[in-house]
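Undergrad: I am sharing input25.cif, which consists of mmCIF, N, CA and C atoms:
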data_my_file
#
loop_
_atom_site.label_atom_id
_atom_site.label_comp_id
_atom_site.auth_asym_id
_atom_site.auth_seq_id
_atom_site.Cartn_x
_atom_site.Cartn_y
_atom_site.Cartn_z
N MET S 210 5.38 -37.04 -7.93
CA MET S 210 5.44 -37.29 -6.51
C MET S 210 4.23 -36.64 -5.85
N MET S 211 3.52 -37.36 -5.02
CA MET S 211 2.32 -36.83 -4.38
C MET S 211 2.64 -36.41 -2.96
N PHE S 212 1.94 -35.36 -2.53
CA PHE S 212 2.08 -34.89 -1.15
C PHE S 212 1.31 -35.79 -0.21
N ASP S 213 1.82 -35.95 0.96
CA ASP S 213 1.09 -36.60 2.03
C ASP S 213 -0.14 -35.75 2.32
N THR S 214 -1.27 -36.35 2.63
CA THR S 214 -2.52 -35.63 2.88
C THR S 214 -2.36 -34.58 3.97
N SER S 215 -1.65 -34.90 5.03
CA SER S 215 -1.48 -33.93 6.13
C SER S 215 -0.65 -32.74 5.67
N ILE S 216 0.32 -32.97 4.81
CA ILE S 216 1.13 -31.86 4.29
C ILE S 216 0.27 -30.97 3.41
N ARG S 217 -0.53 -31.59 2.51
CA ARG S 217 -1.41 -30.80 1.65
C ARG S 217 -2.38 -29.99 2.49
N HIS S 218 -2.95 -30.59 3.53
CA HIS S 218 -3.88 -29.88 4.39
C HIS S 218 -3.18 -28.71 5.08
N GLY S 219 -1.96 -28.95 5.55
CA GLY S 219 -1.20 -27.90 6.22
C GLY S 219 -0.88 -26.74 5.29
N ILE S 220 -0.52 -27.04 4.04
CA ILE S 220 -0.23 -25.99 3.06
C ILE S 220 -1.51 -25.21 2.76
N PHE S 221 -2.61 -25.93 2.54
CA PHE S 221 -3.88 -25.26 2.27
C PHE S 221 -4.29 -24.39 3.44
N HIS S 222 -4.19 -24.93 4.66
CA HIS S 222 -4.58 -24.19 5.86
C HIS S 222 -3.73 -22.94 6.01
N ALA S 223 -2.43 -23.03 5.77
CA ALA S 223 -1.54 -21.87 5.89
C ALA S 223 -1.88 -20.81 4.85
N SER S 224 -2.20 -21.24 3.62
CA SER S 224 -2.53 -20.25 2.59
C SER S 224 -3.87 -19.58 2.89
N VAL S 225 -4.81 -20.31 3.45
CA VAL S 225 -6.09 -19.71 3.81
C VAL S 225 -5.90 -18.69 4.94
N GLN S 226 -5.09 -19.04 5.93
CA GLN S 226 -4.83 -18.11 7.03
C GLN S 226 -4.17 -16.83 6.53
N ALA S 227 -3.24 -16.93 5.60
CA ALA S 227 -2.52 -15.76 5.11
C ALA S 227 -3.43 -14.84 4.31
N ARG S 228 -4.54 -15.35 3.78
CA ARG S 228 -5.40 -14.55 2.93
C ARG S 228 -6.71 -14.19 3.60
N GLN S 229 -6.80 -14.22 4.90
CA GLN S 229 -8.06 -13.91 5.56
C GLN S 229 -8.37 -12.43 5.40
N GLY S 230 -9.48 -12.13 4.81
CA GLY S 230 -9.91 -10.75 4.66
C GLY S 230 -9.26 -10.09 3.45
N LEU S 231 -10.05 -9.41 2.68
CA LEU S 231 -9.59 -8.80 1.44
C LEU S 231 -8.47 -7.81 1.67
N PHE S 232 -8.52 -7.04 2.72
CA PHE S 232 -7.53 -5.98 2.93
C PHE S 232 -6.53 -6.30 4.03
N ARG S 233 -6.38 -7.58 4.40
CA ARG S 233 -5.51 -7.91 5.53
C ARG S 233 -4.56 -9.07 5.23
N ARG S 234 -3.91 -9.06 4.11
CA ARG S 234 -2.95 -10.11 3.80
C ARG S 234 -1.62 -9.81 4.48
N ALA S 235 -0.87 -10.85 4.80
CA ALA S 235 0.39 -10.67 5.52
C ALA S 235 1.45 -10.00 4.65
N ARG S 236 1.53 -10.35 3.38
CA ARG S 236 2.52 -9.76 2.48
C ARG S 236 1.82 -9.16 1.28
N GLY S 237 2.53 -8.31 0.59
CA GLY S 237 1.97 -7.70 -0.60
C GLY S 237 1.65 -6.25 -0.38
N LEU S 238 0.61 -5.78 -1.02
CA LEU S 238 0.21 -4.38 -0.93
C LEU S 238 -0.28 -4.05 0.47
N ASP S 239 -0.20 -2.78 0.82
CA ASP S 239 -0.74 -2.40 2.12
C ASP S 239 -2.25 -2.16 1.99
N GLU S 240 -2.90 -1.95 3.10
CA GLU S 240 -4.36 -1.81 3.15
C GLU S 240 -4.87 -0.69 2.23
N GLY S 241 -4.20 0.44 2.24
CA GLY S 241 -4.62 1.57 1.41
C GLY S 241 -4.47 1.28 -0.08
N GLU S 242 -3.40 0.60 -0.44
CA GLU S 242 -3.19 0.26 -1.85
C GLU S 242 -4.23 -0.75 -2.32
N ARG S 243 -4.59 -1.70 -1.46
CA ARG S 243 -5.65 -2.66 -1.82
C ARG S 243 -6.99 -1.95 -1.99
N ALA S 244 -7.25 -0.99 -1.12
CA ALA S 244 -8.50 -0.21 -1.24
C ALA S 244 -8.49 0.61 -2.52
N LEU S 245 -7.32 1.14 -2.91
CA LEU S 245 -7.21 1.89 -4.16
C LEU S 245 -7.49 0.97 -5.35
N VAL S 246 -6.95 -0.23 -5.32
CA VAL S 246 -7.20 -1.21 -6.38
C VAL S 246 -8.69 -1.54 -6.43
N ALA S 247 -9.30 -1.74 -5.28
CA ALA S 247 -10.73 -2.03 -5.22
C ALA S 247 -11.55 -0.87 -5.76
N LEU S 248 -11.11 0.35 -5.49
CA LEU S 248 -11.76 1.55 -6.03
C LEU S 248 -11.74 1.51 -7.55
N VAL S 249 -10.59 1.24 -8.13
CA VAL S 249 -10.46 1.19 -9.59
C VAL S 249 -11.36 0.12 -10.19
N VAL S 250 -11.32 -1.07 -9.63
CA VAL S 250 -12.12 -2.18 -10.16
C VAL S 250 -13.61 -1.86 -10.07
N SER S 251 -14.04 -1.34 -8.93
CA SER S 251 -15.45 -1.00 -8.73
C SER S 251 -15.89 0.11 -9.69
N ARG S 252 -15.05 1.13 -9.82
CA ARG S 252 -15.38 2.26 -10.70
C ARG S 252 -15.46 1.80 -12.15
N GLU S 253 -14.50 1.01 -12.57
CA GLU S 253 -14.49 0.52 -13.95
C GLU S 253 -15.70 -0.36 -14.25
N ALA S 254 -16.21 -1.03 -13.23
CA ALA S 254 -17.40 -1.88 -13.41
C ALA S 254 -18.69 -1.08 -13.31
N GLY S 255 -18.58 0.22 -12.98
CA GLY S 255 -19.77 1.06 -12.89
C GLY S 255 -20.45 1.05 -11.54
N HIS S 256 -19.83 0.49 -10.54
CA HIS S 256 -20.39 0.43 -9.19
C HIS S 256 -19.87 1.63 -8.39
N MET S 257 -20.45 2.79 -8.64
CA MET S 257 -19.92 4.04 -8.07
C MET S 257 -20.08 4.12 -6.55
N GLU S 258 -21.16 3.61 -6.01
CA GLU S 258 -21.32 3.65 -4.55
C GLU S 258 -20.22 2.82 -3.87
N LEU S 259 -19.96 1.67 -4.40
CA LEU S 259 -18.91 0.83 -3.86
C LEU S 259 -17.54 1.48 -4.08
N ALA S 260 -17.35 2.10 -5.22
CA ALA S 260 -16.10 2.81 -5.49
C ALA S 260 -15.89 3.94 -4.49
N ARG S 261 -16.95 4.66 -4.16
CA ARG S 261 -16.85 5.73 -3.15
C ARG S 261 -16.48 5.15 -1.78
N HIS S 262 -17.06 4.02 -1.45
CA HIS S 262 -16.74 3.36 -0.18
C HIS S 262 -15.25 3.00 -0.13
N HIS S 263 -14.74 2.40 -1.19
CA HIS S 263 -13.32 2.04 -1.25
C HIS S 263 -12.45 3.30 -1.28
N ALA S 264 -12.93 4.37 -1.88
CA ALA S 264 -12.18 5.63 -1.92
C ALA S 264 -11.99 6.18 -0.51
N LEU S 265 -13.03 6.11 0.31
CA LEU S 265 -12.91 6.58 1.69
C LEU S 265 -11.85 5.78 2.46
N ALA S 266 -11.87 4.47 2.28
CA ALA S 266 -10.89 3.62 2.95
C ALA S 266 -9.49 3.90 2.43
N ALA S 267 -9.35 4.06 1.12
CA ALA S 267 -8.04 4.34 0.53
C ALA S 267 -7.50 5.68 0.99
N ALA S 268 -8.34 6.71 0.99
CA ALA S 268 -7.91 8.05 1.39
C ALA S 268 -7.44 8.06 2.84
N ALA S 269 -8.15 7.35 3.70
CA ALA S 269 -7.77 7.31 5.11
C ALA S 269 -6.46 6.55 5.32
N ALA S 270 -6.33 5.41 4.66
CA ALA S 270 -5.14 4.57 4.85
C ALA S 270 -3.91 5.16 4.16
N LEU S 271 -4.11 5.76 3.00
CA LEU S 271 -2.97 6.30 2.25
C LEU S 271 -2.59 7.71 2.70
N ARG S 272 -3.49 8.34 3.42
CA ARG S 272 -3.29 9.74 3.86
C ARG S 272 -3.03 10.67 2.67
N ASP S 273 -3.72 10.37 1.57
CA ASP S 273 -3.62 11.21 0.37
C ASP S 273 -5.01 11.34 -0.25
N PRO S 274 -5.91 12.07 0.42
CA PRO S 274 -7.29 12.15 -0.08
C PRO S 274 -7.38 12.82 -1.44
N PHE S 275 -6.46 13.74 -1.76
CA PHE S 275 -6.51 14.40 -3.06
C PHE S 275 -6.28 13.41 -4.19
N ALA S 276 -5.26 12.56 -4.05
CA ALA S 276 -4.96 11.57 -5.09
C ALA S 276 -6.13 10.61 -5.29
N VAL S 277 -6.72 10.18 -4.19
CA VAL S 277 -7.83 9.23 -4.27
C VAL S 277 -9.05 9.90 -4.89
N ALA S 278 -9.35 11.14 -4.49
CA ALA S 278 -10.49 11.86 -5.06
C ALA S 278 -10.29 12.09 -6.55
N LEU S 279 -9.07 12.39 -6.95
CA LEU S 279 -8.77 12.60 -8.37
C LEU S 279 -9.02 11.32 -9.16
N LEU S 280 -8.58 10.19 -8.63
CA LEU S 280 -8.81 8.92 -9.31
C LEU S 280 -10.29 8.58 -9.35
N LEU S 281 -11.00 8.83 -8.27
CA LEU S 281 -12.44 8.55 -8.24
C LEU S 281 -13.18 9.39 -9.27
N GLU S 282 -12.84 10.66 -9.37
CA GLU S 282 -13.52 11.56 -10.29
C GLU S 282 -13.10 11.37 -11.74
N GLU S 283 -11.80 11.20 -11.98
CA GLU S 283 -11.27 11.13 -13.35
C GLU S 283 -11.30 9.73 -13.94
N GLY S 284 -11.13 8.72 -13.11
CA GLY S 284 -11.09 7.36 -13.62
C GLY S 284 -9.82 7.07 -14.39
N LEU S 285 -9.94 6.16 -15.34
CA LEU S 285 -8.79 5.76 -16.15
C LEU S 285 -8.91 6.33 -17.56
N PRO S 286 -7.80 6.65 -18.21
CA PRO S 286 -6.45 6.42 -17.74
C PRO S 286 -6.16 7.25 -16.50
N SER S 287 -5.35 6.67 -15.62
CA SER S 287 -5.11 7.25 -14.31
C SER S 287 -4.36 8.58 -14.41
N PRO S 288 -4.89 9.60 -13.74
CA PRO S 288 -4.17 10.88 -13.70
C PRO S 288 -3.04 10.87 -12.68
N LEU S 289 -2.93 9.78 -11.91
CA LEU S 289 -1.92 9.70 -10.87
C LEU S 289 -0.57 9.26 -11.44
N THR S 290 0.49 9.71 -10.80
CA THR S 290 1.83 9.31 -11.17
C THR S 290 2.40 8.45 -10.05
N GLY S 291 3.62 7.99 -10.22
CA GLY S 291 4.29 7.23 -9.18
C GLY S 291 3.65 5.88 -8.92
N ARG S 292 3.87 5.38 -7.73
CA ARG S 292 3.41 4.05 -7.34
C ARG S 292 1.89 3.92 -7.42
N LEU S 293 1.17 4.92 -6.91
CA LEU S 293 -0.30 4.84 -6.94
C LEU S 293 -0.82 4.84 -8.37
N GLY S 294 -0.22 5.64 -9.22
CA GLY S 294 -0.63 5.65 -10.63
C GLY S 294 -0.35 4.33 -11.31
N ALA S 295 0.79 3.74 -11.01
CA ALA S 295 1.14 2.44 -11.59
C ALA S 295 0.17 1.36 -11.13
N LEU S 296 -0.16 1.36 -9.85
CA LEU S 296 -1.11 0.37 -9.33
C LEU S 296 -2.49 0.56 -9.94
N ALA S 297 -2.93 1.81 -10.06
CA ALA S 297 -4.25 2.09 -10.63
C ALA S 297 -4.32 1.66 -12.09
N THR S 298 -3.28 1.98 -12.85
CA THR S 298 -3.26 1.61 -14.27
C THR S 298 -3.27 0.10 -14.44
N ALA S 299 -2.46 -0.60 -13.65
CA ALA S 299 -2.42 -2.06 -13.74
C ALA S 299 -3.75 -2.67 -13.31
N ALA S 300 -4.35 -2.13 -12.25
CA ALA S 300 -5.65 -2.64 -11.80
C ALA S 300 -6.71 -2.45 -12.88
N GLY S 301 -6.68 -1.31 -13.53
CA GLY S 301 -7.62 -1.05 -14.62
C GLY S 301 -7.43 -2.01 -15.77
N ALA S 302 -6.17 -2.30 -16.11
CA ALA S 302 -5.89 -3.24 -17.20
C ALA S 302 -6.39 -4.64 -16.86
N LEU S 303 -6.25 -5.02 -15.59
CA LEU S 303 -6.70 -6.34 -15.16
C LEU S 303 -8.21 -6.43 -14.97
N ALA S 304 -8.87 -5.29 -14.80
CA ALA S 304 -10.31 -5.27 -14.55
C ALA S 304 -11.14 -5.28 -15.83
N ARG S 305 -10.49 -5.17 -16.97
CA ARG S 305 -11.22 -5.18 -18.24
C ARG S 305 -11.87 -6.53 -18.50
N LYS S 306 -12.82 -6.53 -19.45
CA LYS S 306 -13.46 -7.80 -19.82
C LYS S 306 -12.44 -8.78 -20.38
N GLN S 307 -11.46 -8.25 -21.09
CA GLN S 307 -10.33 -9.05 -21.58
C GLN S 307 -9.09 -8.58 -20.84
N PRO S 308 -8.83 -9.09 -19.62
CA PRO S 308 -7.72 -8.58 -18.80
C PRO S 308 -6.37 -8.74 -19.49
N THR S 309 -5.57 -7.72 -19.37
CA THR S 309 -4.21 -7.77 -19.89
C THR S 309 -3.29 -7.04 -18.92
N LEU S 310 -2.09 -7.53 -18.84
CA LEU S 310 -1.06 -6.84 -18.07
C LEU S 310 0.19 -6.91 -18.93
N GLY S 311 0.39 -5.87 -19.72
CA GLY S 311 1.46 -5.87 -20.71
C GLY S 311 2.78 -5.36 -20.17
N ARG S 312 3.73 -5.29 -21.09
CA ARG S 312 5.07 -4.81 -20.73
C ARG S 312 5.04 -3.43 -20.12
N PHE S 313 4.23 -2.54 -20.68
CA PHE S 313 4.17 -1.17 -20.16
C PHE S 313 3.78 -1.16 -18.69
N GLU S 314 2.69 -1.86 -18.37
CA GLU S 314 2.22 -1.88 -16.98
C GLU S 314 3.24 -2.55 -16.07
N LEU S 315 3.82 -3.68 -16.52
CA LEU S 315 4.80 -4.39 -15.70
C LEU S 315 6.05 -3.54 -15.47
N LYS S 316 6.51 -2.87 -16.51
CA LYS S 316 7.69 -2.01 -16.37
C LYS S 316 7.40 -0.84 -15.44
N ARG S 317 6.21 -0.26 -15.57
CA ARG S 317 5.83 0.85 -14.70
C ARG S 317 5.73 0.41 -13.24
N LEU S 318 5.16 -0.77 -13.00
CA LEU S 318 5.08 -1.29 -11.64
C LEU S 318 6.47 -1.51 -11.07
N ALA S 319 7.34 -2.15 -11.83
CA ALA S 319 8.70 -2.44 -11.36
C ALA S 319 9.47 -1.15 -11.08
N SER S 320 9.32 -0.16 -11.95
CA SER S 320 10.07 1.08 -11.75
C SER S 320 9.55 1.88 -10.55
N ASN S 321 8.38 1.51 -10.06
CA ASN S 321 7.82 2.16 -8.87
C ASN S 321 7.91 1.27 -7.64
N GLY S 322 8.77 0.27 -7.70
CA GLY S 322 9.09 -0.53 -6.52
C GLY S 322 8.11 -1.63 -6.18
N VAL S 323 7.23 -2.01 -7.10
CA VAL S 323 6.28 -3.08 -6.82
C VAL S 323 7.01 -4.41 -7.01
N ASP S 324 7.09 -5.20 -5.93
CA ASP S 324 7.81 -6.48 -5.99
C ASP S 324 6.86 -7.62 -6.36
N ALA S 325 7.41 -8.83 -6.42
CA ALA S 325 6.63 -9.99 -6.85
C ALA S 325 5.44 -10.27 -5.93
N ASP S 326 5.64 -10.19 -4.61
CA ASP S 326 4.53 -10.41 -3.68
C ASP S 326 3.43 -9.38 -3.88
N GLU S 327 3.82 -8.15 -4.12
CA GLU S 327 2.84 -7.08 -4.33
C GLU S 327 2.11 -7.27 -5.66
N LEU S 328 2.82 -7.75 -6.67
CA LEU S 328 2.18 -8.01 -7.96
C LEU S 328 1.15 -9.12 -7.84
N VAL S 329 1.51 -10.19 -7.14
CA VAL S 329 0.56 -11.28 -6.91
C VAL S 329 -0.65 -10.77 -6.13
N ASP S 330 -0.40 -9.93 -5.14
CA ASP S 330 -1.49 -9.37 -4.34
C ASP S 330 -2.38 -8.46 -5.19
N LEU S 331 -1.79 -7.70 -6.09
CA LEU S 331 -2.56 -6.86 -7.01
C LEU S 331 -3.52 -7.71 -7.84
N VAL S 332 -2.99 -8.76 -8.44
CA VAL S 332 -3.81 -9.64 -9.26
C VAL S 332 -4.90 -10.30 -8.42
N ALA S 333 -4.54 -10.78 -7.23
CA ALA S 333 -5.51 -11.45 -6.35
C ALA S 333 -6.60 -10.47 -5.89
N THR S 334 -6.23 -9.24 -5.61
CA THR S 334 -7.21 -8.24 -5.16
C THR S 334 -8.17 -7.91 -6.28
N VAL S 335 -7.65 -7.71 -7.50
CA VAL S 335 -8.53 -7.45 -8.65
C VAL S 335 -9.49 -8.62 -8.85
N ALA S 336 -8.97 -9.83 -8.77
CA ALA S 336 -9.83 -11.02 -8.96
C ALA S 336 -10.88 -11.12 -7.88
N GLU S 337 -10.49 -10.86 -6.65
CA GLU S 337 -11.44 -10.97 -5.53
C GLU S 337 -12.54 -9.91 -5.63
N VAL S 338 -12.15 -8.67 -5.94
CA VAL S 338 -13.15 -7.60 -6.06
C VAL S 338 -14.05 -7.86 -7.26
N SER S 339 -13.46 -8.25 -8.38
CA SER S 339 -14.26 -8.54 -9.59
C SER S 339 -15.25 -9.65 -9.33
N SER S 340 -14.80 -10.68 -8.64
CA SER S 340 -15.67 -11.81 -8.33
C SER S 340 -16.84 -11.37 -7.45
N SER S 341 -16.55 -10.54 -6.46
CA SER S 341 -17.62 -10.07 -5.57
C SER S 341 -18.59 -9.15 -6.31
N LEU S 342 -18.11 -8.42 -7.30
CA LEU S 342 -19.00 -7.54 -8.08
C LEU S 342 -19.97 -8.33 -8.94
N HIS S 343 -19.50 -9.45 -9.47
CA HIS S 343 -20.38 -10.27 -10.31
C HIS S 343 -21.50 -10.90 -9.51
N ALA S 344 -21.28 -11.06 -8.20
CA ALA S 344 -22.30 -11.64 -7.34
C ALA S 344 -23.15 -10.55 -6.68
N ALA S 345 -22.79 -9.30 -6.89
CA ALA S 345 -23.44 -8.16 -6.23
C ALA S 345 -24.78 -7.81 -6.88
N VAL S 346 -25.48 -6.94 -6.21
CA VAL S 346 -26.74 -6.41 -6.71
C VAL S 346 -26.47 -5.48 -7.89
N PRO S 347 -27.51 -5.02 -8.61
CA PRO S 347 -27.31 -4.16 -9.77
C PRO S 347 -26.48 -2.92 -9.45
N ARG S 348 -25.88 -2.37 -10.51
CA ARG S 348 -24.99 -1.22 -10.39
C ARG S 348 -25.72 0.00 -9.86
N HIS S 349 -24.96 0.87 -9.16
CA HIS S 349 -25.46 2.14 -8.65
C HIS S 349 -24.69 3.25 -9.33
N ASP S 350 -25.19 3.74 -10.43
CA ASP S 350 -24.49 4.80 -11.15
C ASP S 350 -24.77 6.13 -10.51
N ALA S 351 -23.78 7.01 -10.62
CA ALA S 351 -23.92 8.35 -10.05
C ALA S 351 -24.83 9.21 -10.89
#
Would you put the structure from the file into C-alpha coordinates?

TA:
Amino acid sequence: MMFDTSIRHGIFHASVQARQGLFRRARGLDEGERALVALVVSREAGHMELARHHALAAAAALRDPFAVALLLEEGLPSPLTGRLGALATAAGALARKQPTLGRFELKRLASNGVDADELVDLVATVAEVSSSLHAAVPRHDA
(Lines of atoms letter the chains of each structure in order from A and count residues from 1; the text may use other names and numbers.)
(Lines give C-alpha, C1' and ligand atoms only; values in the text may rest on other atoms or scores of the structure.)
Protein backbone atom coordinates (compact mmCIF):
# COMPACT_ATOMS: atom_id res chain seq x y z
CA MET A 1 0.00 0.00 0.00
CA MET A 2 1.45 3.37 -0.97
CA PHE A 3 1.08 6.60 0.95
CA ASP A 4 -0.60 9.56 -0.60
CA THR A 5 2.07 12.14 -1.56
CA SER A 6 0.66 14.75 0.83
CA ILE A 7 0.75 12.26 3.70
CA ARG A 8 4.35 11.32 2.93
CA HIS A 9 5.29 15.00 2.77
CA GLY A 10 3.53 15.64 6.07
CA ILE A 11 5.32 12.75 7.78
CA PHE A 12 8.68 13.87 6.39
CA HIS A 13 8.03 17.49 7.38
CA ALA A 14 7.03 16.46 10.93
CA SER A 15 10.14 14.31 11.36
CA VAL A 16 12.38 17.12 10.11
CA GLN A 17 10.78 19.58 12.52
CA ALA A 18 11.25 17.20 15.46
CA ARG A 19 14.96 16.84 14.70
CA GLN A 20 15.94 20.47 14.19
CA GLY A 21 19.32 21.04 15.76
CA LEU A 22 21.63 18.40 17.16
CA PHE A 23 20.90 19.17 20.80
CA ARG A 24 17.23 20.19 20.57
CA ARG A 25 15.09 17.15 19.83
CA ALA A 26 11.61 17.00 21.33
CA ARG A 27 11.99 13.51 22.82
CA GLY A 28 14.91 11.40 23.87
CA LEU A 29 18.03 12.46 25.71
CA ASP A 30 18.29 15.87 27.27
CA GLU A 31 20.69 18.54 26.01
CA GLY A 32 23.43 17.68 28.50
CA GLU A 33 23.29 13.97 27.72
CA ARG A 34 23.52 14.68 23.98
CA ALA A 35 26.54 16.90 24.62
CA LEU A 36 28.09 14.09 26.69
CA VAL A 37 27.54 11.66 23.81
CA ALA A 38 29.09 14.19 21.41
CA LEU A 39 32.06 14.53 23.79
CA VAL A 40 32.63 10.76 23.71
CA VAL A 41 32.35 10.51 19.93
CA SER A 42 34.66 13.50 19.37
CA ARG A 43 37.21 12.26 21.89
CA GLU A 44 37.23 8.74 20.48
CA ALA A 45 37.81 10.19 17.00
CA GLY A 46 40.77 12.21 18.31
CA HIS A 47 39.14 15.62 17.93
CA MET A 48 40.12 16.94 21.35
CA GLU A 49 39.25 20.60 20.75
CA LEU A 50 35.75 19.64 19.72
CA ALA A 51 35.54 17.21 22.65
CA ARG A 52 36.47 20.06 25.02
CA HIS A 53 33.76 22.22 23.45
CA HIS A 54 31.15 19.49 24.00
CA ALA A 55 32.50 18.94 27.53
CA LEU A 56 31.80 22.58 28.42
CA ALA A 57 28.23 22.27 27.14
CA ALA A 58 27.72 18.94 28.93
CA ALA A 59 29.13 20.22 32.23
CA ALA A 60 26.88 23.28 32.16
CA ALA A 61 23.72 21.39 31.19
CA LEU A 62 24.30 18.39 33.45
CA ARG A 63 25.53 20.47 36.39
CA ASP A 64 28.18 17.82 37.00
CA PRO A 65 31.50 19.29 35.83
CA PHE A 66 33.52 16.69 37.74
CA ALA A 67 31.92 13.75 35.91
CA VAL A 68 32.37 15.43 32.54
CA ALA A 69 36.00 16.40 33.26
CA LEU A 70 36.72 12.83 34.36
CA LEU A 71 35.30 11.46 31.12
CA LEU A 72 37.19 14.02 29.05
CA GLU A 73 40.49 13.21 30.75
CA GLU A 74 40.11 9.43 31.18
CA GLY A 75 38.17 8.52 28.06
CA LEU A 76 36.91 4.99 27.59
CA PRO A 77 36.33 2.62 29.17
CA SER A 78 34.18 5.11 31.01
CA PRO A 79 35.09 5.78 34.63
CA LEU A 80 31.53 7.00 35.19
CA THR A 81 28.79 4.94 36.77
CA GLY A 82 25.02 5.20 36.57
CA ARG A 83 23.14 6.70 33.66
CA LEU A 84 26.00 8.91 32.44
CA GLY A 85 28.41 5.98 32.48
CA ALA A 86 25.94 3.81 30.58
CA LEU A 87 25.41 6.51 27.95
CA ALA A 88 29.16 7.11 27.58
CA THR A 89 29.93 3.40 27.24
CA ALA A 90 27.19 2.90 24.65
CA ALA A 91 28.28 6.00 22.71
CA GLY A 92 31.84 4.71 22.66
CA ALA A 93 30.70 1.31 21.39
CA LEU A 94 28.72 2.98 18.62
CA ALA A 95 31.55 5.37 17.71
CA ARG A 96 34.00 2.59 16.84
CA LYS A 97 35.00 1.85 13.26
CA GLN A 98 32.95 -1.34 13.61
CA PRO A 99 30.02 -0.07 15.73
CA THR A 100 28.44 -2.53 18.11
CA LEU A 101 25.81 -2.26 20.78
CA GLY A 102 25.77 -5.58 22.57
CA ARG A 103 23.75 -7.11 25.35
CA PHE A 104 25.99 -5.63 28.02
CA GLU A 105 25.51 -2.06 26.81
CA LEU A 106 21.77 -2.54 26.21
CA LYS A 107 21.25 -4.10 29.64
CA ARG A 108 23.26 -1.33 31.29
CA LEU A 109 21.24 1.34 29.48
CA ALA A 110 17.93 -0.27 30.45
CA SER A 111 18.95 -0.70 34.08
CA ASN A 112 19.74 3.03 34.18
CA GLY A 113 16.34 4.05 32.88
CA VAL A 114 17.17 4.70 29.22
CA ASP A 115 13.94 4.18 27.27
CA ALA A 116 13.38 3.43 23.58
CA ASP A 117 13.15 7.10 22.54
CA GLU A 118 16.38 7.84 24.37
CA LEU A 119 18.10 4.85 22.78
CA VAL A 120 17.07 6.00 19.31
CA ASP A 121 18.30 9.49 20.18
CA LEU A 122 21.62 8.07 21.40
CA VAL A 123 22.15 6.25 18.10
CA ALA A 124 21.05 9.30 16.07
CA THR A 125 23.35 11.62 18.03
CA VAL A 126 26.35 9.33 17.56
CA ALA A 127 25.59 9.10 13.84
CA GLU A 128 25.14 12.85 13.47
CA VAL A 129 28.34 13.72 15.35
CA SER A 130 30.32 11.01 13.53
CA SER A 131 29.05 12.25 10.19
CA SER A 132 30.03 15.83 10.99
CA LEU A 133 33.50 14.69 12.08
CA HIS A 134 34.15 12.97 8.77
CA ALA A 135 33.40 16.23 6.99
CA ALA A 136 35.48 18.28 9.47
CA VAL A 137 38.97 19.67 9.16
CA PRO A 138 41.98 17.62 10.37
CA ARG A 139 42.14 16.46 13.98
CA HIS A 140 43.37 18.73 16.79
CA ASP A 141 45.24 16.51 19.21
CA ALA A 142 46.14 17.76 22.64

Undergrad: Enter the distance from atom CA of Ala254 of chain S to atom CA of Glu337 of chain S, in Å, rounded to one decimal.

TA: 13.4 Å

Undergrad: Mind checking DSSP for segment 217-320 of chain S and telling me the helix (DSSP H, G or I) residues as a ChimeraX atom specification?

TA: /S:217-227,240-253,257-271,274-283,291-304,312-320

Undergrad: Which residue out of S:Ala264, S:Val338, S:Val249, S:Leu238 has the minimum interatomic distance to Ala302 of chain S when only C-alpha atoms are used?

TA: S:Val249

Undergrad: Could you please determine the separation between atom N of Val335 of chain S and atom N of Phe275 of chain S in Å, to one decimal place?

TA: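 Computing the Euclidean distance for atom N of Val335 of chain S and atom N of Phe275 of chain S yields 22.2 Å.
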
Undergrad: For Leu328 of chain S, work out the shell of residues within 6.5 Å, counting all atoms listed in the file and skipping chain neighbours fewer than 4 positions away, then give it as a list in words.

TA: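 Contacts, with the query itself left out: Gly237, Leu238, Val323, Asp324, Val332 and Ala333 of chain S.
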
Undergrad: Could those selected residues go to a file with N, CA and C atoms, as a CSV table (one decimal), in the coordinates of the input?

TA:
chain,number,residue,atom,x,y,z
S,237,GLY,N,2.5,-8.3,0.6
S,237,GLY,CA,2.0,-7.7,-0.6
S,237,GLY,C,1.6,-6.2,-0.4
S,238,LEU,N,0.6,-5.8,-1.0
S,238,LEU,CA,0.2,-4.4,-0.9
S,238,LEU,C,-0.3,-4.0,0.5
S,323,VAL,N,7.2,-2.0,-7.1
S,323,VAL,CA,6.3,-3.1,-6.8
S,323,VAL,C,7.0,-4.4,-7.0
S,324,ASP,N,7.1,-5.2,-5.9
S,324,ASP,CA,7.8,-6.5,-6.0
S,324,ASP,C,6.9,-7.6,-6.4
S,332,VAL,N,-3.0,-8.8,-8.4
S,332,VAL,CA,-3.8,-9.6,-9.3
S,332,VAL,C,-4.9,-10.3,-8.4
S,333,ALA,N,-4.5,-10.8,-7.2
S,333,ALA,CA,-5.5,-11.4,-6.4
S,333,ALA,C,-6.6,-10.5,-5.9

Undergrad: Let me know the residues the PyMOL selection byres (((chain S and resi 278-293 and name CA) around 9) and name CA) catches in the file above, as JSON, numbers by chain.

TA: {"S": [242, 245, 248, 249, 252, 253, 257, 260, 261, 264, 265, 268, 273, 274, 275, 276, 277, 294, 295, 296, 297, 298, 301, 317, 318, 320, 321, 322, 323]}

Undergrad: Which distance in Å separates atom N of Arg305 of chain S and atom N of Leu271 of chain S, to one decimal?

TA: 23.6 Å

Undergrad: For Ser340 of chain S, which of S:Ala319, S:Ala325, S:Ala299, S:Val250 is the closest residue, counting only C-alpha atoms?

TA: S:Val250

Undergrad: Of the candidates S:Gly241, S:Glu314, S:Ala336, S:Ala304, which one gets nearest to Ala269 of chain S if we count only N, CA and C atoms?

TA: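 Nearest to Ala269 of chain S: S:Gly241.
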